[in-house]
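A.B. asks: I have a structure here, written as structure tokens, and I will follow up with some questions on it.
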Amino acid sequence: MGALIADVIAWFGDPSNLTGSTGVPTRIVEHIRYSGVALIIAALIAVPIGALVGHTGRGGFAVVGVANGLRSLPEIGVVLLLVTFVGGVSLTPVTIALVVLAIPPLLGGTYAGVRNVDRATVDAARGMGMTEREILTKVELPNALPLIIGGLRTATLQVIATAAVAALVGVGGLGRYLIDGLGVRDYTQMAAGALLIAALALLAEAVLAGVQRLVVSPGLRTTASTGRRAAAPPSEPVEEPQTRSTPVPEPARS
């Protein structure tokens, strides 16, 4: 293990691995581009559908079923199947597979976030004369942001980790280090590629966590913790009820 770590450090110190069309910066940019395009397309599909179903309350079972069904699809199998039908080496099969992977957490997070908004708040907004569209965009979606961004964070981690399959169809990305290293049994290159993918996923998670703190209201951020405190309040000394003894009448004095 120590020898492998030393070899990986030496690999990153080699200038030939850090420059050119196959260098680390170029592969990182390619990986981010593949992942970003898939996440944008998935968000454009999943967020409106999840918001509409969550607002109307119709089709909830279908949303859950579709989300669970898409989660069960093997990404490599989807890529190879699409390559067979689409034909040729292109980024299209990979993008479709990554979109399929990103839709379930985005769809489920948006639906759950909108559906779990306090109905009293929605009724109050409706009583103030707000239209259904205004209720969705100005009341429900802002209150659903924690779960929506939570779904985005989950989708981002999964897409970044899975975008390595792009190398299977001959395109770039950090997956090239895994596939090319496997082809020549260069385990140092494979370990370096896996380390880069993990580091990129952790960096994306940290960035999205910061974005969540900026865009989500502090009151919404503390809702979950407040709920836990309400469910399990701290132990406080409980005053024992004072029992009043019935006075015993004194005997009459003669």
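Letters for chains follow the order of the structure tokens (A, B, ...), residue numbers begin at 1 for each chain, and ligand numbers begin at 1 in the order shown.
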Could you pull the residues within 12 Å of Ile5 (chain A), counting only C-alpha atoms, minus those fewer than 4 positions along the same chain, as a PDB file with N, CA, C and O atoms, in the first residue's frame?
C.D. replies:
ATOM      1  N   MET A   1       0.826  -1.207   0.000  1.00  0.00           N
ATOM      2  CA  MET A   1       0.000   0.000   0.000  1.00  0.00           C
ATOM      3  C   MET A   1       0.864   1.261   0.000  1.00  0.00           C
ATOM      4  O   MET A   1       0.584   2.233  -0.686  1.00  0.00           O
ATOM      5  N   ILE A   9       1.758   9.586  -5.812  1.00  0.00           N
ATOM      6  CA  ILE A   9       2.332  10.921  -5.601  1.00  0.00           C
ATOM      7  C   ILE A   9       3.310  11.256  -6.725  1.00  0.00           C
ATOM      8  O   ILE A   9       3.322  12.373  -7.255  1.00  0.00           O
ATOM      9  N   ALA A  10       4.122  10.283  -7.111  1.00  0.00           N
ATOM     10  CA  ALA A  10       5.057  10.507  -8.219  1.00  0.00           C
ATOM     11  C   ALA A  10       4.312  10.730  -9.533  1.00  0.00           C
ATOM     12  O   ALA A  10       4.745  11.533 -10.376  1.00  0.00           O
ATOM     13  N   TRP A  11       3.189  10.042  -9.697  1.00  0.00           N
ATOM     14  CA  TRP A  11       2.391  10.215 -10.924  1.00  0.00           C
ATOM     15  C   TRP A  11       1.873  11.646 -11.033  1.00  0.00           C
ATOM     16  O   TRP A  11       1.910  12.242 -12.107  1.00  0.00           O
ATOM     17  N   PHE A  12       1.384  12.184  -9.920  1.00  0.00           N
ATOM     18  CA  PHE A  12       0.907  13.571  -9.938  1.00  0.00           C
ATOM     19  C   PHE A  12       2.057  14.557 -10.096  1.00  0.00           C
ATOM     20  O   PHE A  12       1.858  15.679 -10.562  1.00  0.00           O
ATOM     21  N   TYR A 187      -1.882   0.215 -12.501  1.00  0.00           N
ATOM     22  CA  TYR A 187      -2.716   0.430 -11.327  1.00  0.00           C
ATOM     23  C   TYR A 187      -2.459   1.785 -10.679  1.00  0.00           C
ATOM     24  O   TYR A 187      -3.341   2.322 -10.004  1.00  0.00           O
ATOM     25  N   THR A 188      -1.282   2.333 -10.891  1.00  0.00           N
ATOM     26  CA  THR A 188      -1.006   3.668 -10.372  1.00  0.00           C
ATOM     27  C   THR A 188      -1.902   4.700 -11.058  1.00  0.00           C
ATOM     28  O   THR A 188      -2.492   5.563 -10.407  1.00  0.00           O
ATOM     29  N   GLN A 189      -2.018   4.595 -12.374  1.00  0.00           N
ATOM     30  CA  GLN A 189      -2.888   5.501 -13.120  1.00  0.00           C
ATOM     31  C   GLN A 189      -4.341   5.313 -12.722  1.00  0.00           C
ATOM     32  O   GLN A 189      -5.083   6.296 -12.574  1.00  0.00           O
ATOM     33  N   ALA A 191      -5.466   4.266  -9.786  1.00  0.00           N
ATOM     34  CA  ALA A 191      -5.640   4.824  -8.446  1.00  0.00           C
ATOM     35  C   ALA A 191      -5.691   6.348  -8.495  1.00  0.00           C
ATOM     36  O   ALA A 191      -6.485   6.980  -7.779  1.00  0.00           O
ATOM     37  N   ALA A 192      -4.854   6.948  -9.334  1.00  0.00           N
ATOM     38  CA  ALA A 192      -4.869   8.405  -9.474  1.00  0.00           C
ATOM     39  C   ALA A 192      -6.204   8.884 -10.035  1.00  0.00           C
ATOM     40  O   ALA A 192      -6.772   9.888  -9.581  1.00  0.00           O
ATOM     41  N   LEU A 195      -8.848   8.623  -7.356  1.00  0.00           N
ATOM     42  CA  LEU A 195      -8.649   9.690  -6.374  1.00  0.00           C
ATOM     43  C   LEU A 195      -9.157  11.021  -6.906  1.00  0.00           C
ATOM     44  O   LEU A 195      -9.781  11.802  -6.169  1.00  0.00           O
TER      45      LEU A 195
END
A.B. asks: Give me, as number ranges by chain, all polymer residues having an atom no more than 7 Å from region 113-128 of chain A, counting only C-alpha atoms and skipping those fewer than 4 positions away in the same chain.
C.D. replies: A: 51, 54-55, 109, 135, 140-141, 143-144, 147-148
A.B. asks: Could you write out the selected residues, including all heavy atoms, as a CSV table (one decimal), in the first residue's frame?
C.D. replies:
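Done, and the output landed in selection07.csv:
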chain,number,residue,atom,x,y,z
A,51,ALA,N,-42.5,19.5,-9.0
A,51,ALA,CA,-43.2,20.6,-8.4
A,51,ALA,C,-44.7,20.6,-8.7
A,51,ALA,O,-45.6,20.8,-7.8
A,51,ALA,CB,-42.6,21.9,-8.9
A,54,GLY,N,-46.3,17.6,-6.8
A,54,GLY,CA,-46.4,17.9,-5.4
A,54,GLY,C,-47.4,19.0,-5.0
A,54,GLY,O,-48.1,18.9,-4.0
A,55,HIS,N,-47.6,19.9,-5.9
A,55,HIS,CA,-48.6,21.0,-5.7
A,55,HIS,C,-50.0,20.5,-5.8
A,55,HIS,O,-50.9,20.8,-5.0
A,55,HIS,CB,-48.4,22.1,-6.7
A,55,HIS,CG,-49.4,23.2,-6.7
A,55,HIS,ND1,-49.5,24.1,-5.6
A,55,HIS,CD2,-50.4,23.5,-7.5
A,55,HIS,CE1,-50.5,24.9,-5.8
A,55,HIS,NE2,-51.1,24.6,-7.0
A,109,GLY,N,-36.8,14.6,-4.5
A,109,GLY,CA,-36.6,15.8,-3.6
A,109,GLY,C,-37.6,16.9,-3.9
A,109,GLY,O,-38.1,17.5,-2.9
A,135,ILE,N,-48.8,30.6,-5.6
A,135,ILE,CA,-48.6,29.7,-4.4
A,135,ILE,C,-47.4,28.8,-4.6
A,135,ILE,O,-46.6,28.6,-3.7
A,135,ILE,CB,-49.9,28.9,-4.1
A,135,ILE,CG1,-51.0,29.9,-3.6
A,135,ILE,CG2,-49.6,27.9,-3.0
A,135,ILE,CD1,-52.3,29.2,-3.5
A,140,GLU,N,-44.5,27.5,-2.0
A,140,GLU,CA,-44.1,26.1,-1.9
A,140,GLU,C,-42.7,25.9,-2.3
A,140,GLU,O,-41.9,25.2,-1.5
A,140,GLU,CB,-45.1,25.3,-2.7
A,140,GLU,CG,-46.5,25.2,-2.1
A,140,GLU,CD,-47.4,24.4,-3.0
A,140,GLU,OE1,-47.3,24.4,-4.2
A,140,GLU,OE2,-48.4,23.8,-2.4
A,141,LEU,N,-42.3,26.4,-3.4
A,141,LEU,CA,-40.9,26.2,-3.8
A,141,LEU,C,-39.9,26.8,-2.9
A,141,LEU,O,-38.9,26.1,-2.6
A,141,LEU,CB,-40.7,26.7,-5.3
A,141,LEU,CG,-41.3,25.8,-6.4
A,141,LEU,CD1,-41.1,26.5,-7.7
A,141,LEU,CD2,-40.7,24.4,-6.4
A,143,ASN,N,-40.1,27.2,0.3
A,143,ASN,CA,-40.1,26.3,1.5
A,143,ASN,C,-39.6,24.9,1.2
A,143,ASN,O,-39.1,24.2,2.1
A,143,ASN,CB,-41.5,26.2,2.0
A,143,ASN,CG,-42.0,27.4,2.9
A,143,ASN,OD1,-41.7,27.5,4.0
A,143,ASN,ND2,-42.7,28.3,2.2
A,144,ALA,N,-39.6,24.5,-0.1
A,144,ALA,CA,-39.1,23.2,-0.5
A,144,ALA,C,-37.6,23.2,-0.8
A,144,ALA,O,-37.1,22.1,-1.1
A,144,ALA,CB,-39.9,22.7,-1.7
A,147,LEU,N,-35.1,20.4,0.6
A,147,LEU,CA,-35.1,19.1,0.0
A,147,LEU,C,-34.8,19.1,-1.5
A,147,LEU,O,-34.2,18.1,-2.0
A,147,LEU,CB,-36.5,18.5,0.1
A,147,LEU,CG,-36.9,18.1,1.6
A,147,LEU,CD1,-38.3,17.6,1.6
A,147,LEU,CD2,-35.9,17.1,2.1
A,148,ILE,N,-35.1,20.2,-2.2
A,148,ILE,CA,-34.7,20.2,-3.6
A,148,ILE,C,-33.2,20.3,-3.8
A,148,ILE,O,-32.6,19.5,-4.6
A,148,ILE,CB,-35.3,21.5,-4.3
A,148,ILE,CG1,-36.8,21.4,-4.3
A,148,ILE,CG2,-34.8,21.7,-5.7
A,148,ILE,CD1,-37.5,22.6,-4.8
A.B. asks: Skip Ile103 (chain A) itself and residues of its chain fewer than 4 positions away, then list as a VMD selection string all residues within 8 Å of it, counting only C-alpha atoms.
C.D. replies: chain A and resid 42 to 43 45 to 46 67 70 99 107 155
A.B. asks: Tell me, in Å to one decimal, how far CA of Leu196 (chain A) is from CA of Leu106 (chain A).
C.D. replies: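 So the answer is 25.0 Å.
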A.B. asks: Between A:Leu152, A:Ala102, A:Ala112, A:Ala38, which has the minimum distance to Val207 (chain A) (counting only C-alpha atoms)?
C.D. replies: A:Leu152
A.B. asks: Excluding same-chain residues fewer than 2 positions from Leu39 (chain A), what lies within 12 Å of it counting only C-alpha atoms, as a PyMOL selection string?
C.D. replies: chain A and resi 32-37+41-47+95-106+151-160+163
A.B. asks: Would you mind listing what lies within 9 Å of Leu174 (chain A) as a tab-separated table (two decimals) with all heavy atoms, in the first residue's frame, with only C-alpha atoms counted and same-chain residues fewer than 4 positions away left out?
C.D. replies:
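out_29.tsv was written with the following content:
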chain	number	residue	atom	x	y	z
A	24	VAL	N	-4.33	16.18	-16.50
A	24	VAL	CA	-5.35	16.22	-15.46
A	24	VAL	C	-6.29	17.41	-15.60
A	24	VAL	O	-7.52	17.23	-15.52
A	24	VAL	CB	-4.68	16.19	-14.07
A	24	VAL	CG1	-5.71	16.46	-12.97
A	24	VAL	CG2	-3.99	14.86	-13.83
A	27	ARG	N	-8.80	16.73	-18.41
A	27	ARG	CA	-9.74	15.67	-18.07
A	27	ARG	C	-10.76	16.14	-17.04
A	27	ARG	O	-11.94	15.74	-17.08
A	27	ARG	CB	-8.98	14.45	-17.53
A	27	ARG	CG	-8.07	13.77	-18.54
A	27	ARG	CD	-8.81	13.35	-19.78
A	27	ARG	NE	-8.00	12.52	-20.65
A	27	ARG	CZ	-8.29	12.23	-21.90
A	27	ARG	NH1	-9.39	12.74	-22.45
A	27	ARG	NH2	-7.50	11.46	-22.63
A	28	ILE	N	-10.33	16.97	-16.10
A	28	ILE	CA	-11.27	17.48	-15.10
A	28	ILE	C	-12.33	18.36	-15.77
A	28	ILE	O	-13.53	18.26	-15.45
A	28	ILE	CB	-10.51	18.27	-14.01
A	28	ILE	CG1	-9.69	17.30	-13.15
A	28	ILE	CG2	-11.49	19.05	-13.13
A	28	ILE	CD1	-8.85	17.99	-12.09
A	30	GLU	N	-13.37	18.23	-18.85
A	30	GLU	CA	-14.27	17.35	-19.61
A	30	GLU	C	-15.27	16.67	-18.67
A	30	GLU	O	-16.46	16.59	-18.99
A	30	GLU	CB	-13.44	16.30	-20.36
A	30	GLU	CG	-12.59	16.86	-21.48
A	30	GLU	CD	-11.65	15.82	-22.07
A	30	GLU	OE1	-11.47	14.75	-21.43
A	30	GLU	OE2	-11.08	16.07	-23.14
A	31	HIS	N	-14.78	16.18	-17.56
A	31	HIS	CA	-15.66	15.49	-16.60
A	31	HIS	C	-16.73	16.43	-16.07
A	31	HIS	O	-17.91	16.04	-15.95
A	31	HIS	CB	-14.81	14.94	-15.45
A	31	HIS	CG	-15.41	13.76	-14.76
A	31	HIS	ND1	-15.12	12.47	-15.10
A	31	HIS	CD2	-16.31	13.69	-13.74
A	31	HIS	CE1	-15.79	11.64	-14.32
A	31	HIS	NE2	-16.52	12.35	-13.48
A	163	ALA	N	-19.91	9.37	-14.25
A	163	ALA	CA	-19.49	9.93	-15.54
A	163	ALA	C	-18.24	9.26	-16.08
A	163	ALA	O	-17.88	9.47	-17.25
A	163	ALA	CB	-19.26	11.44	-15.40
A	164	ALA	N	-17.58	8.46	-15.25
A	164	ALA	CA	-16.41	7.72	-15.74
A	164	ALA	C	-16.76	6.75	-16.85
A	164	ALA	O	-15.88	6.36	-17.63
A	164	ALA	CB	-15.74	6.98	-14.58
A	166	ALA	N	-18.10	7.41	-19.45
A	166	ALA	CA	-17.90	8.05	-20.75
A	166	ALA	C	-16.70	7.48	-21.48
A	166	ALA	O	-16.66	7.43	-22.72
A	166	ALA	CB	-17.74	9.57	-20.56
A	167	ALA	N	-15.72	7.02	-20.70
A	167	ALA	CA	-14.53	6.45	-21.33
A	167	ALA	C	-14.83	5.16	-22.07
A	167	ALA	O	-14.06	4.75	-22.95
A	167	ALA	CB	-13.46	6.22	-20.27
A	178	LEU	N	-9.04	5.43	-15.64
A	178	LEU	CA	-9.45	4.10	-15.18
A	178	LEU	C	-9.41	3.09	-16.33
A	178	LEU	O	-8.86	1.99	-16.18
A	178	LEU	CB	-10.84	4.17	-14.57
A	178	LEU	CG	-11.03	5.12	-13.39
A	178	LEU	CD1	-12.49	5.10	-12.93
A	178	LEU	CD2	-10.12	4.75	-12.24
A	193	GLY	N	-6.73	8.16	-11.03
A	193	GLY	CA	-8.04	8.54	-11.59
A	193	GLY	C	-9.15	8.42	-10.58
A	193	GLY	O	-10.02	9.30	-10.48
A	194	ALA	N	-9.16	7.33	-9.80
A	194	ALA	CA	-10.18	7.16	-8.77
A	194	ALA	C	-10.08	8.26	-7.71
A	194	ALA	O	-11.09	8.78	-7.23
A	194	ALA	CB	-10.04	5.79	-8.12
A	196	LEU	N	-8.93	11.30	-8.17
A	196	LEU	CA	-9.40	12.55	-8.77
A	196	LEU	C	-10.93	12.61	-8.80
A	196	LEU	O	-11.53	13.66	-8.52
A	196	LEU	CB	-8.84	12.70	-10.18
A	196	LEU	CG	-7.35	13.05	-10.29
A	196	LEU	CD1	-6.87	12.91	-11.72
A	196	LEU	CD2	-7.11	14.47	-9.79
A	197	ILE	N	-11.58	11.50	-9.14
A	197	ILE	CA	-13.04	11.48	-9.19
A	197	ILE	C	-13.62	11.70	-7.79
A	197	ILE	O	-14.57	12.47	-7.61
A	197	ILE	CB	-13.53	10.15	-9.78
A	197	ILE	CG1	-13.13	10.04	-11.25
A	197	ILE	CG2	-15.05	10.02	-9.64
A	197	ILE	CD1	-13.43	8.69	-11.88
A.B. asks: Pick out the residues sitting within 12 Å of Leu80 (chain A), and hand them over as a list in words; count only C-alpha atoms, and ignore anything fewer than 4 positions along from it in its own chain.
C.D. replies: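 The contact residues come out as Pro74, Glu75, Ile76, Thr84, Phe85, Val86, Gly87, Gly88, Val89, Ser90, Thr92, Pro93, Val94, Ile96, Ala97, Val165, Ala166, Ala167, Leu168 and Val169 of chain A.
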A.B. asks: Since we have the selection now, will you write its residues out, keeping N, CA, C and O atoms, as a short mmCIF file (atom, residue, chain, number, x, y, z; two decimals), in the first residue's frame?
C.D. replies:
data_model
loop_
_atom_site.label_atom_id
_atom_site.label_comp_id
_atom_site.auth_asym_id
_atom_site.auth_seq_id
_atom_site.Cartn_x
_atom_site.Cartn_y
_atom_site.Cartn_z
N PRO A 74 -29.07 -0.31 -14.61
CA PRO A 74 -27.60 -0.29 -14.59
C PRO A 74 -27.07 0.70 -15.62
O PRO A 74 -27.43 0.63 -16.80
N GLU A 75 -26.23 1.62 -15.19
CA GLU A 75 -25.78 2.69 -16.07
C GLU A 75 -24.93 2.17 -17.22
O GLU A 75 -25.09 2.61 -18.36
N ILE A 76 -24.04 1.23 -16.95
CA ILE A 76 -23.20 0.71 -18.02
C ILE A 76 -24.06 -0.01 -19.05
O ILE A 76 -23.86 0.13 -20.27
N THR A 84 -25.65 0.85 -29.01
CA THR A 84 -26.11 -0.09 -30.04
C THR A 84 -27.17 0.53 -30.92
O THR A 84 -27.15 0.37 -32.16
N PHE A 85 -28.12 1.27 -30.30
CA PHE A 85 -29.22 1.83 -31.09
C PHE A 85 -28.87 3.17 -31.72
O PHE A 85 -29.28 3.46 -32.84
N VAL A 86 -28.12 4.01 -30.98
CA VAL A 86 -27.75 5.30 -31.54
C VAL A 86 -26.67 5.15 -32.58
O VAL A 86 -26.67 5.80 -33.62
N GLY A 87 -25.71 4.26 -32.30
CA GLY A 87 -24.65 3.99 -33.26
C GLY A 87 -23.52 4.99 -33.15
O GLY A 87 -23.71 6.16 -32.85
N GLY A 88 -22.30 4.50 -33.38
CA GLY A 88 -21.15 5.38 -33.39
C GLY A 88 -20.68 5.74 -31.99
O GLY A 88 -21.35 5.47 -30.99
N VAL A 89 -19.51 6.33 -31.95
CA VAL A 89 -18.93 6.79 -30.69
C VAL A 89 -19.27 8.27 -30.52
O VAL A 89 -18.83 9.11 -31.29
N SER A 90 -20.09 8.58 -29.52
CA SER A 90 -20.48 9.97 -29.27
C SER A 90 -20.81 10.11 -27.80
O SER A 90 -20.87 9.14 -27.04
N THR A 92 -23.68 11.28 -26.75
CA THR A 92 -25.12 11.19 -26.54
C THR A 92 -25.53 10.03 -25.63
O THR A 92 -26.31 10.23 -24.69
N PRO A 93 -25.03 8.81 -25.84
CA PRO A 93 -25.44 7.72 -24.93
C PRO A 93 -25.06 7.98 -23.48
O PRO A 93 -25.83 7.69 -22.57
N VAL A 94 -23.87 8.55 -23.27
CA VAL A 94 -23.43 8.83 -21.91
C VAL A 94 -24.32 9.89 -21.28
O VAL A 94 -24.72 9.77 -20.11
N ILE A 96 -27.45 10.65 -21.96
CA ILE A 96 -28.76 10.10 -21.66
C ILE A 96 -28.70 9.23 -20.40
O ILE A 96 -29.57 9.31 -19.52
N ALA A 97 -27.66 8.42 -20.29
CA ALA A 97 -27.53 7.55 -19.12
C ALA A 97 -27.36 8.38 -17.84
O ALA A 97 -27.95 8.05 -16.80
N VAL A 165 -18.04 6.38 -16.96
CA VAL A 165 -18.44 5.45 -18.02
C VAL A 165 -18.30 6.09 -19.39
O VAL A 165 -18.38 5.38 -20.41
N ALA A 166 -18.10 7.41 -19.45
CA ALA A 166 -17.90 8.05 -20.75
C ALA A 166 -16.70 7.48 -21.48
O ALA A 166 -16.66 7.43 -22.72
N ALA A 167 -15.72 7.02 -20.70
CA ALA A 167 -14.53 6.45 -21.33
C ALA A 167 -14.83 5.16 -22.07
O ALA A 167 -14.06 4.75 -22.95
N LEU A 168 -15.93 4.50 -21.73
CA LEU A 168 -16.27 3.25 -22.41
C LEU A 168 -16.60 3.45 -23.88
O LEU A 168 -16.47 2.52 -24.68
N VAL A 169 -17.07 4.65 -24.24
CA VAL A 169 -17.44 4.91 -25.63
C VAL A 169 -16.42 5.80 -26.31
O VAL A 169 -16.69 6.41 -27.33
#
A.B. asks: Record the distance separating CA of Gly175 (chain A) and CA of Met190 (chain A), expressed in Å with one decimal.
C.D. replies: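 Rounded to one decimal, the two atoms are 8.9 Å apart.
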A.B. asks: Give me, as a PyMOL selection string, the residues of region 17-57 of chain A that a backbone DSSP run labels helix (DSSP H, G or I).
C.D. replies: chain A and resi 17+24-56
